Amino acid sequence: MISKIIRAVATTILCVICSHVNAVRSPEAQALLDYLKSIYGKKTLSGTMANVNWNTNEAQWVYEHTGRWPAQNCFDFIHHMSSQPNGWIDYSNTKVVEDWHSAGGIVSIMWHWNVPAKNGGEYAFYSEKTDFDVRKIFDEGSSEYALMIKDIDQIASYLKLLKDKHIPVIWRPLHEAGGRWFWWGKDADACKQLWHVMYQRFTDAGIDNLIWAFTPAAAWKRPFEDGMLYYPGDEYVDIVGFDIYNVTNAQTCYDDYYQFLHRQCPDKLVAVTECGNMATMSSQWKAGAKWLFFMPWYDYGRTKDPASPAFTSPEHGNSSVAWWQDAWSQDFVLSRDQISY
């Protein structure tokens with residue numbers, strides 16, 4: 001009981017410290033957020049996910065098959081490893097992100113956060129593959145706490161490179177925590193504290209170019225409300241979104257997903273932060289689901305190599321060319337060349 005009281009007091013103190021932090025943003029981030037608010041409910045931003053980590057392969061696939069670039073590209077720090085300064089790839093090389101931004105695209109980044117795996121494995125982010133305990137975020141003397149802080153600070157250094165280049169970022173950390181399939185979702189209070197600690201350390205590092213996006217999820221056969229137990233608080237979040245897969249009924253997308261987020265977070269922008277095999281955008285908009293943006297997940301085999309024969313196919317595991325053509329036929333769907341902020 002005493003430990004729970006201490007945790008609650010610590011979280012409250014940190015909330016007070018951070019309560020006004022997100023009122024201060026870089027001019028570029030504020031301009032982007034103002035733009036997002038201005039189009040919300042009127043237009044929706046198209047988006048694509050990098051193929052695994054640090055590329056625009058999916059966006060290129062959409063362009064080559066439809067003649068239009070998606071408005072947003074999401075990158076991933078999935079190949080960061082704490083044991084190596086630059087992980088499996090060099091995230092300090094931001095050229096691909098800079099090029100996307102220079103071409104007029106919106107940049108978003110997420111983080112499949114790898115930690116030491118169990119049973120002799122090297123790194124993992126799935127709960128079943130690691131014994132890493134997120135609750136150690138409350139124990140500043142633990143090795144887990146030290147690793148989390150080390151990783152947060154390393155990721156901060158990459159984001160700082162983008163800030164220094166005046167690139168705003170839609171930042172989506174600790175996604176789908178409520179599903180509990182990722183290690184950061186094993187405990188709701190600890191996950192929220194981890195978000196708060198990350199937020200504060202980024203702020204202390206002068207990283208003010210971020211727009212923060214939260215994605216709830218629920219474990220299999222559990223109600224969506226379970227995912228909101230992980231919500232870090234209004235003062236830490238700008239966008240809320242669902243990851244929607246294999247929901248082909250537009251009315252369901254509206255009733256069960258869009259409306260849920262609006263009820264839970266009525267003052268936040270609502271987006272489809274990931275999707276695959278989802279109802280067409282035309283039918284969803286007609287049903288009332290006026291998402292801020294949508295983001296189909298990548299098809300690894302289709303777009304891992306733009307020079308491969310597979311890249312020429314109009315089929316896709318999550319969003320075929322036909323699905324994209326439906327989206328482009330709607331005047332509310334914005335492509336990269338239509339962004340203005």
# chains A, B, ... in the order shown; residues from 1 in each chain; ligands from 1
>>> residues_around(residues="Trp54 (chain A)", least_positions_apart="5", cutoff="8 Å", atoms="only C-alpha atoms", output="PDB file with C-alpha atoms, in the first residue's frame")
ATOM      1  CA  PHE A  75       9.627   5.857 -39.781  1.00  0.00           C
ATOM      2  CA  ASP A  76      10.560   3.445 -36.986  1.00  0.00           C
ATOM      3  CA  PHE A  77      13.452   3.235 -34.486  1.00  0.00           C
ATOM      4  CA  TYR A  91      19.802   6.563 -37.137  1.00  0.00           C
ATOM      5  CA  VAL A  96      15.946  10.028 -45.863  1.00  0.00           C
TER       6      VAL A  96
END
>>> closest_residue(among="A:Gly121, A:Gly105, A:Pro266, A:Gly276", to="Pro296 (chain A)", atoms="only C-alpha atoms")
A:Gly276
>>> residues_around(residues="Lys37 (chain A)", least_positions_apart="4", cutoff="12 Å", atoms="only C-alpha atoms", output="number ranges by chain")
A: 30-33, 41-45, 211, 238-239, 267-270, 291-293, 341
>>> write_last_selection(atoms="C-alpha atoms", output="PDB file, in the first residue's frame")
ATOM      1  CA  GLN A  30       3.233  24.585 -33.708  1.00  0.00           C
ATOM      2  CA  ALA A  31       2.612  25.375 -37.365  1.00  0.00           C
ATOM      3  CA  LEU A  32       2.058  21.698 -38.134  1.00  0.00           C
ATOM      4  CA  LEU A  33      -0.276  21.221 -35.178  1.00  0.00           C
ATOM      5  CA  GLY A  41     -13.085  16.982 -39.860  1.00  0.00           C
ATOM      6  CA  LYS A  42     -12.728  18.511 -43.325  1.00  0.00           C
ATOM      7  CA  LYS A  43      -9.800  16.626 -44.843  1.00  0.00           C
ATOM      8  CA  THR A  44      -7.782  13.529 -44.061  1.00  0.00           C
ATOM      9  CA  LEU A  45      -4.050  13.039 -44.582  1.00  0.00           C
ATOM     10  CA  ILE A 211       3.408  16.215 -31.671  1.00  0.00           C
ATOM     11  CA  ASP A 238      -2.087  15.652 -28.936  1.00  0.00           C
ATOM     12  CA  ILE A 239      -3.448  12.838 -31.130  1.00  0.00           C
ATOM     13  CA  ASP A 267     -10.624  17.309 -27.150  1.00  0.00           C
ATOM     14  CA  LYS A 268      -8.028  15.317 -29.118  1.00  0.00           C
ATOM     15  CA  LEU A 269      -7.446  14.781 -32.824  1.00  0.00           C
ATOM     16  CA  VAL A 270      -8.435  11.245 -33.848  1.00  0.00           C
ATOM     17  CA  TRP A 291     -10.070  10.573 -39.384  1.00  0.00           C
ATOM     18  CA  LEU A 292      -7.219  13.074 -39.187  1.00  0.00           C
ATOM     19  CA  PHE A 293      -5.034  10.617 -41.113  1.00  0.00           C
ATOM     20  CA  TYR A 341       1.308  24.861 -43.489  1.00  0.00           C
TER      21      TYR A 341
END
>>> residues_around(residues="Ala218 (chain A)", least_positions_apart="6", cutoff="9 Å", atoms="only C-alpha atoms", output="ChimeraX atom specification")
/A:176-180,224-228
>>> closest_residue(among="A:Asp234, A:Asn318, A:Phe332, A:Tyr245", to="Gly301 (chain A)", atoms="only C-alpha atoms")
A:Asn318
>>> select_by_dssp(residues="region 40-207 of chain A", states="alpha helix (DSSP H)", output="compact mmCIF listing (two decimals) with N, CA and C atoms, in the first residue's frame")
# COMPACT_ATOMS: atom_id res chain seq x y z
N ASN A 57 9.87 3.35 -48.87
CA ASN A 57 9.56 2.36 -49.90
C ASN A 57 8.06 2.26 -50.18
N GLU A 58 7.25 2.23 -49.13
CA GLU A 58 5.80 2.11 -49.31
C GLU A 58 5.24 3.34 -50.02
N ALA A 59 5.71 4.50 -49.63
CA ALA A 59 5.26 5.73 -50.29
C ALA A 59 5.62 5.71 -51.77
N GLN A 60 6.82 5.21 -52.07
CA GLN A 60 7.25 5.12 -53.47
C GLN A 60 6.37 4.14 -54.23
N TRP A 61 5.99 3.03 -53.58
CA TRP A 61 5.11 2.04 -54.23
C TRP A 61 3.76 2.68 -54.57
N VAL A 62 3.21 3.44 -53.65
CA VAL A 62 1.94 4.12 -53.91
C VAL A 62 2.09 5.10 -55.07
N TYR A 63 3.18 5.86 -55.07
CA TYR A 63 3.40 6.84 -56.13
C TYR A 63 3.56 6.17 -57.50
N GLU A 64 4.32 5.11 -57.56
CA GLU A 64 4.58 4.46 -58.84
C GLU A 64 3.33 3.79 -59.42
N HIS A 65 2.39 3.41 -58.55
CA HIS A 65 1.17 2.76 -59.02
C HIS A 65 0.00 3.72 -59.20
N THR A 66 0.07 4.90 -58.58
CA THR A 66 -1.08 5.81 -58.64
C THR A 66 -0.71 7.21 -59.11
N LYS A 95 19.21 11.63 -43.56
CA LYS A 95 18.99 12.13 -44.92
C LYS A 95 17.63 11.73 -45.49
N VAL A 96 17.22 10.47 -45.29
CA VAL A 96 15.95 10.03 -45.86
C VAL A 96 14.78 10.81 -45.26
N VAL A 97 14.88 11.15 -43.98
CA VAL A 97 13.84 11.94 -43.33
C VAL A 97 13.87 13.38 -43.83
N GLU A 98 15.08 13.92 -43.95
CA GLU A 98 15.23 15.28 -44.46
C GLU A 98 14.67 15.39 -45.88
N ASP A 99 14.98 14.41 -46.71
CA ASP A 99 14.51 14.44 -48.10
C ASP A 99 12.98 14.42 -48.16
N TRP A 100 12.37 13.58 -47.31
CA TRP A 100 10.91 13.51 -47.28
C TRP A 100 10.32 14.85 -46.85
N HIS A 101 10.90 15.43 -45.84
CA HIS A 101 10.42 16.73 -45.35
C HIS A 101 10.63 17.82 -46.40
N SER A 102 11.78 17.81 -47.05
CA SER A 102 12.08 18.83 -48.07
C SER A 102 11.12 18.74 -49.25
N SER A 143 18.87 -2.02 -12.89
CA SER A 143 19.54 -2.05 -14.19
C SER A 143 18.54 -1.77 -15.31
N GLU A 144 17.29 -2.19 -15.11
CA GLU A 144 16.26 -1.93 -16.11
C GLU A 144 16.00 -0.42 -16.25
N TYR A 145 15.94 0.26 -15.13
CA TYR A 145 15.75 1.71 -15.16
C TYR A 145 16.90 2.38 -15.92
N ALA A 146 18.12 1.95 -15.61
CA ALA A 146 19.29 2.53 -16.27
C ALA A 146 19.23 2.33 -17.78
N LEU A 147 18.80 1.13 -18.20
CA LEU A 147 18.72 0.86 -19.64
C LEU A 147 17.63 1.70 -20.29
N MET A 148 16.48 1.82 -19.63
CA MET A 148 15.40 2.63 -20.19
C MET A 148 15.83 4.08 -20.37
N ILE A 149 16.51 4.62 -19.37
CA ILE A 149 16.97 6.00 -19.46
C ILE A 149 18.02 6.15 -20.56
N LYS A 150 18.92 5.18 -20.66
CA LYS A 150 19.94 5.22 -21.70
C LYS A 150 19.31 5.23 -23.09
N ASP A 151 18.32 4.37 -23.29
CA ASP A 151 17.66 4.30 -24.59
C ASP A 151 16.87 5.57 -24.89
N ILE A 152 16.16 6.06 -23.90
CA ILE A 152 15.39 7.30 -24.09
C ILE A 152 16.32 8.44 -24.50
N ASP A 153 17.44 8.53 -23.84
CA ASP A 153 18.38 9.63 -24.14
C ASP A 153 19.02 9.45 -25.52
N GLN A 154 19.24 8.21 -25.93
CA GLN A 154 19.80 7.99 -27.26
C GLN A 154 18.79 8.36 -28.35
N ILE A 155 17.54 7.96 -28.15
CA ILE A 155 16.50 8.33 -29.11
C ILE A 155 16.32 9.85 -29.12
N ALA A 156 16.45 10.46 -27.95
CA ALA A 156 16.36 11.92 -27.87
C ALA A 156 17.42 12.58 -28.74
N SER A 157 18.59 11.99 -28.78
CA SER A 157 19.67 12.58 -29.58
C SER A 157 19.34 12.53 -31.07
N TYR A 158 18.64 11.47 -31.51
CA TYR A 158 18.23 11.39 -32.91
C TYR A 158 17.15 12.42 -33.22
N LEU A 159 16.19 12.53 -32.31
CA LEU A 159 15.11 13.51 -32.51
C LEU A 159 15.64 14.94 -32.47
N LYS A 160 16.69 15.14 -31.68
CA LYS A 160 17.30 16.46 -31.60
C LYS A 160 17.92 16.85 -32.93
N LEU A 161 18.46 15.89 -33.66
CA LEU A 161 19.01 16.16 -34.99
C LEU A 161 17.93 16.72 -35.91
N LEU A 162 16.72 16.17 -35.79
CA LEU A 162 15.62 16.65 -36.62
C LEU A 162 15.13 18.02 -36.15
N LYS A 163 15.12 18.23 -34.85
CA LYS A 163 14.75 19.55 -34.34
C LYS A 163 15.71 20.61 -34.87
N ASP A 164 17.00 20.29 -34.85
CA ASP A 164 18.01 21.26 -35.31
C ASP A 164 17.89 21.55 -36.80
N ALA A 188 -0.02 -1.05 -16.47
CA ALA A 188 -0.54 0.24 -16.93
C ALA A 188 0.10 1.41 -16.20
N ASP A 189 0.21 1.33 -14.88
CA ASP A 189 0.80 2.44 -14.13
C ASP A 189 2.25 2.67 -14.53
N ALA A 190 2.98 1.58 -14.72
CA ALA A 190 4.38 1.70 -15.10
C ALA A 190 4.53 2.27 -16.50
N CYS A 191 3.64 1.85 -17.41
CA CYS A 191 3.70 2.37 -18.78
C CYS A 191 3.44 3.87 -18.80
N LYS A 192 2.45 4.33 -18.04
CA LYS A 192 2.18 5.76 -17.96
C LYS A 192 3.37 6.52 -17.39
N GLN A 193 3.99 5.92 -16.36
CA GLN A 193 5.17 6.57 -15.78
C GLN A 193 6.31 6.63 -16.79
N LEU A 194 6.48 5.57 -17.57
CA LEU A 194 7.51 5.55 -18.59
C LEU A 194 7.27 6.66 -19.62
N TRP A 195 6.01 6.85 -20.01
CA TRP A 195 5.65 7.95 -20.92
C TRP A 195 6.01 9.29 -20.30
N HIS A 196 5.66 9.47 -19.03
CA HIS A 196 5.95 10.73 -18.34
C HIS A 196 7.45 11.01 -18.26
N VAL A 197 8.21 9.98 -17.93
CA VAL A 197 9.66 10.13 -17.84
C VAL A 197 10.25 10.49 -19.20
N MET A 198 9.80 9.80 -20.24
CA MET A 198 10.27 10.10 -21.59
C MET A 198 9.93 11.55 -21.96
N TYR A 199 8.71 11.94 -21.69
CA TYR A 199 8.25 13.30 -22.01
C TYR A 199 9.14 14.34 -21.33
N GLN A 200 9.40 14.10 -20.03
CA GLN A 200 10.18 15.07 -19.28
C GLN A 200 11.63 15.12 -19.75
N ARG A 201 12.23 13.97 -20.01
CA ARG A 201 13.63 13.95 -20.45
C ARG A 201 13.77 14.59 -21.82
N PHE A 202 12.81 14.34 -22.72
CA PHE A 202 12.84 15.00 -24.02
C PHE A 202 12.73 16.51 -23.84
N THR A 203 11.84 16.92 -22.96
CA THR A 203 11.66 18.35 -22.71
C THR A 203 12.93 18.97 -22.16
N ASP A 204 13.54 18.28 -21.21
CA ASP A 204 14.79 18.78 -20.62
C ASP A 204 15.90 18.88 -21.65
>>> closest_residue(among="A:Ser82, A:Gln330, A:Asn246, A:Ser142", to="Glu274 (chain A)", atoms="only C-alpha atoms")
A:Asn246
>>> closest_residue(among="A:Pro168, A:Gly67, A:Gly233, A:Gly241", to="Ala271 (chain A)", atoms="only C-alpha atoms")
A:Gly241
>>> residues_around(residues="region 280-290 of chain A", least_positions_apart="2", cutoff="10 Å", atoms="only C-alpha atoms", output="compact mmCIF listing (two decimals) with N, CA and C atoms, in the first residue's frame")
# COMPACT_ATOMS: atom_id res chain seq x y z
N TYR A 40 -8.91 19.19 -39.62
CA TYR A 40 -9.59 18.09 -38.94
C TYR A 40 -11.10 18.16 -39.14
N GLY A 41 -11.66 17.05 -39.58
CA GLY A 41 -13.08 16.98 -39.86
C GLY A 41 -13.46 17.43 -41.26
N LYS A 42 -12.48 18.03 -41.97
CA LYS A 42 -12.73 18.51 -43.33
C LYS A 42 -11.92 17.72 -44.35
N LYS A 43 -10.70 17.37 -43.97
CA LYS A 43 -9.80 16.63 -44.84
C LYS A 43 -9.14 15.52 -44.03
N THR A 44 -8.55 14.57 -44.74
CA THR A 44 -7.78 13.53 -44.06
C THR A 44 -6.45 13.36 -44.79
N SER A 46 -3.35 11.30 -46.11
CA SER A 46 -2.91 9.96 -46.46
C SER A 46 -1.55 9.70 -45.84
N THR A 248 -13.68 -4.48 -42.39
CA THR A 248 -14.07 -4.03 -43.73
C THR A 248 -15.44 -3.36 -43.77
N ASN A 249 -16.12 -3.31 -42.63
CA ASN A 249 -17.41 -2.65 -42.57
C ASN A 249 -17.20 -1.21 -42.10
N ALA A 250 -17.55 -0.25 -42.93
CA ALA A 250 -17.31 1.16 -42.62
C ALA A 250 -18.08 1.62 -41.41
N GLN A 251 -19.30 1.14 -41.25
CA GLN A 251 -20.10 1.55 -40.10
C GLN A 251 -19.46 1.08 -38.79
N THR A 252 -18.86 -0.10 -38.82
CA THR A 252 -18.15 -0.60 -37.65
C THR A 252 -16.94 0.28 -37.33
N CYS A 253 -16.24 0.71 -38.37
CA CYS A 253 -15.10 1.60 -38.16
C CYS A 253 -15.53 2.88 -37.44
N TYR A 254 -16.71 3.35 -37.83
CA TYR A 254 -17.23 4.57 -37.20
C TYR A 254 -17.77 4.30 -35.80
N ASP A 255 -18.66 3.32 -35.68
CA ASP A 255 -19.34 3.07 -34.41
C ASP A 255 -18.39 2.58 -33.32
N TYR A 257 -14.84 2.29 -33.40
CA TYR A 257 -13.49 2.84 -33.28
C TYR A 257 -13.49 4.36 -33.19
N TYR A 258 -13.98 5.01 -34.23
CA TYR A 258 -13.97 6.48 -34.28
C TYR A 258 -14.76 7.08 -33.11
N GLN A 259 -15.97 6.59 -32.90
CA GLN A 259 -16.81 7.13 -31.84
C GLN A 259 -16.24 6.85 -30.46
N VAL A 270 -8.26 12.70 -33.78
CA VAL A 270 -8.44 11.24 -33.85
C VAL A 270 -7.97 10.73 -35.20
N ALA A 271 -7.14 9.69 -35.19
CA ALA A 271 -6.52 9.19 -36.42
C ALA A 271 -6.53 7.67 -36.47
N VAL A 272 -6.28 7.14 -37.67
CA VAL A 272 -5.98 5.72 -37.85
C VAL A 272 -4.46 5.62 -37.91
N ASN A 277 -6.23 -4.01 -44.52
CA ASN A 277 -7.48 -4.67 -44.90
C ASN A 277 -8.66 -3.98 -44.22
N MET A 278 -8.71 -2.68 -44.36
CA MET A 278 -9.73 -1.86 -43.72
C MET A 278 -10.72 -1.36 -44.77
N LEU A 292 -8.25 12.09 -38.87
CA LEU A 292 -7.22 13.07 -39.19
C LEU A 292 -6.28 12.53 -40.25
N PHE A 293 -5.87 11.28 -40.10
CA PHE A 293 -5.03 10.62 -41.11
C PHE A 293 -5.24 9.12 -41.04
N PHE A 294 -4.76 8.43 -42.07
CA PHE A 294 -4.76 6.97 -42.08
C PHE A 294 -3.38 6.50 -42.50
N SER A 319 -3.08 -2.82 -48.23
CA SER A 319 -3.81 -1.76 -48.96
C SER A 319 -3.43 -1.83 -50.43
N ALA A 322 -6.07 -0.73 -55.76
CA ALA A 322 -7.50 -0.42 -55.88
C ALA A 322 -7.99 0.33 -54.65
N TRP A 323 -7.52 -0.06 -53.47
CA TRP A 323 -7.90 0.64 -52.23
C TRP A 323 -7.40 2.08 -52.26
N TRP A 324 -6.16 2.27 -52.72
CA TRP A 324 -5.60 3.61 -52.82
C TRP A 324 -6.33 4.45 -53.87
N GLN A 325 -6.70 3.83 -54.97
CA GLN A 325 -7.42 4.58 -56.01
C GLN A 325 -8.76 5.08 -55.50
N ASP A 326 -9.40 4.28 -54.67
CA ASP A 326 -10.64 4.76 -54.05
C ASP A 326 -10.35 5.98 -53.17
N ALA A 327 -9.26 5.91 -52.40
CA ALA A 327 -8.91 7.03 -51.53
C ALA A 327 -8.63 8.29 -52.35
N TRP A 328 -7.83 8.15 -53.39
CA TRP A 328 -7.45 9.32 -54.21
C TRP A 328 -8.66 9.91 -54.95
N SER A 329 -9.68 9.14 -55.13
CA SER A 329 -10.86 9.67 -55.84
C SER A 329 -11.71 10.56 -54.95
N GLN A 330 -11.36 10.66 -53.68
CA GLN A 330 -12.11 11.49 -52.74
C GLN A 330 -11.39 12.83 -52.56
N ASP A 331 -12.14 13.92 -52.66
CA ASP A 331 -11.48 15.23 -52.56
C ASP A 331 -11.06 15.57 -51.14
N PHE A 332 -11.50 14.77 -50.16
CA PHE A 332 -11.09 15.04 -48.78
C PHE A 332 -9.77 14.35 -48.42
N VAL A 333 -9.25 13.49 -49.28
CA VAL A 333 -7.99 12.80 -49.02
C VAL A 333 -6.84 13.61 -49.61
>>> select_by_dssp(residues="region 109-168 of chain A", states="strand (DSSP E)", output="number ranges by chain")
A: 109-110, 115-116, 123-124
>>> atom_distance(atom1="CA of Thr303 (chain A)", atom2="CA of Glu128 (chain A)")
28.3 Å
>>> closest_residue(among="A:Ile167, A:Ala50, A:Ile39, A:Ala103", to="Tyr300 (chain A)", atoms="only C-alpha atoms")
A:Ala50
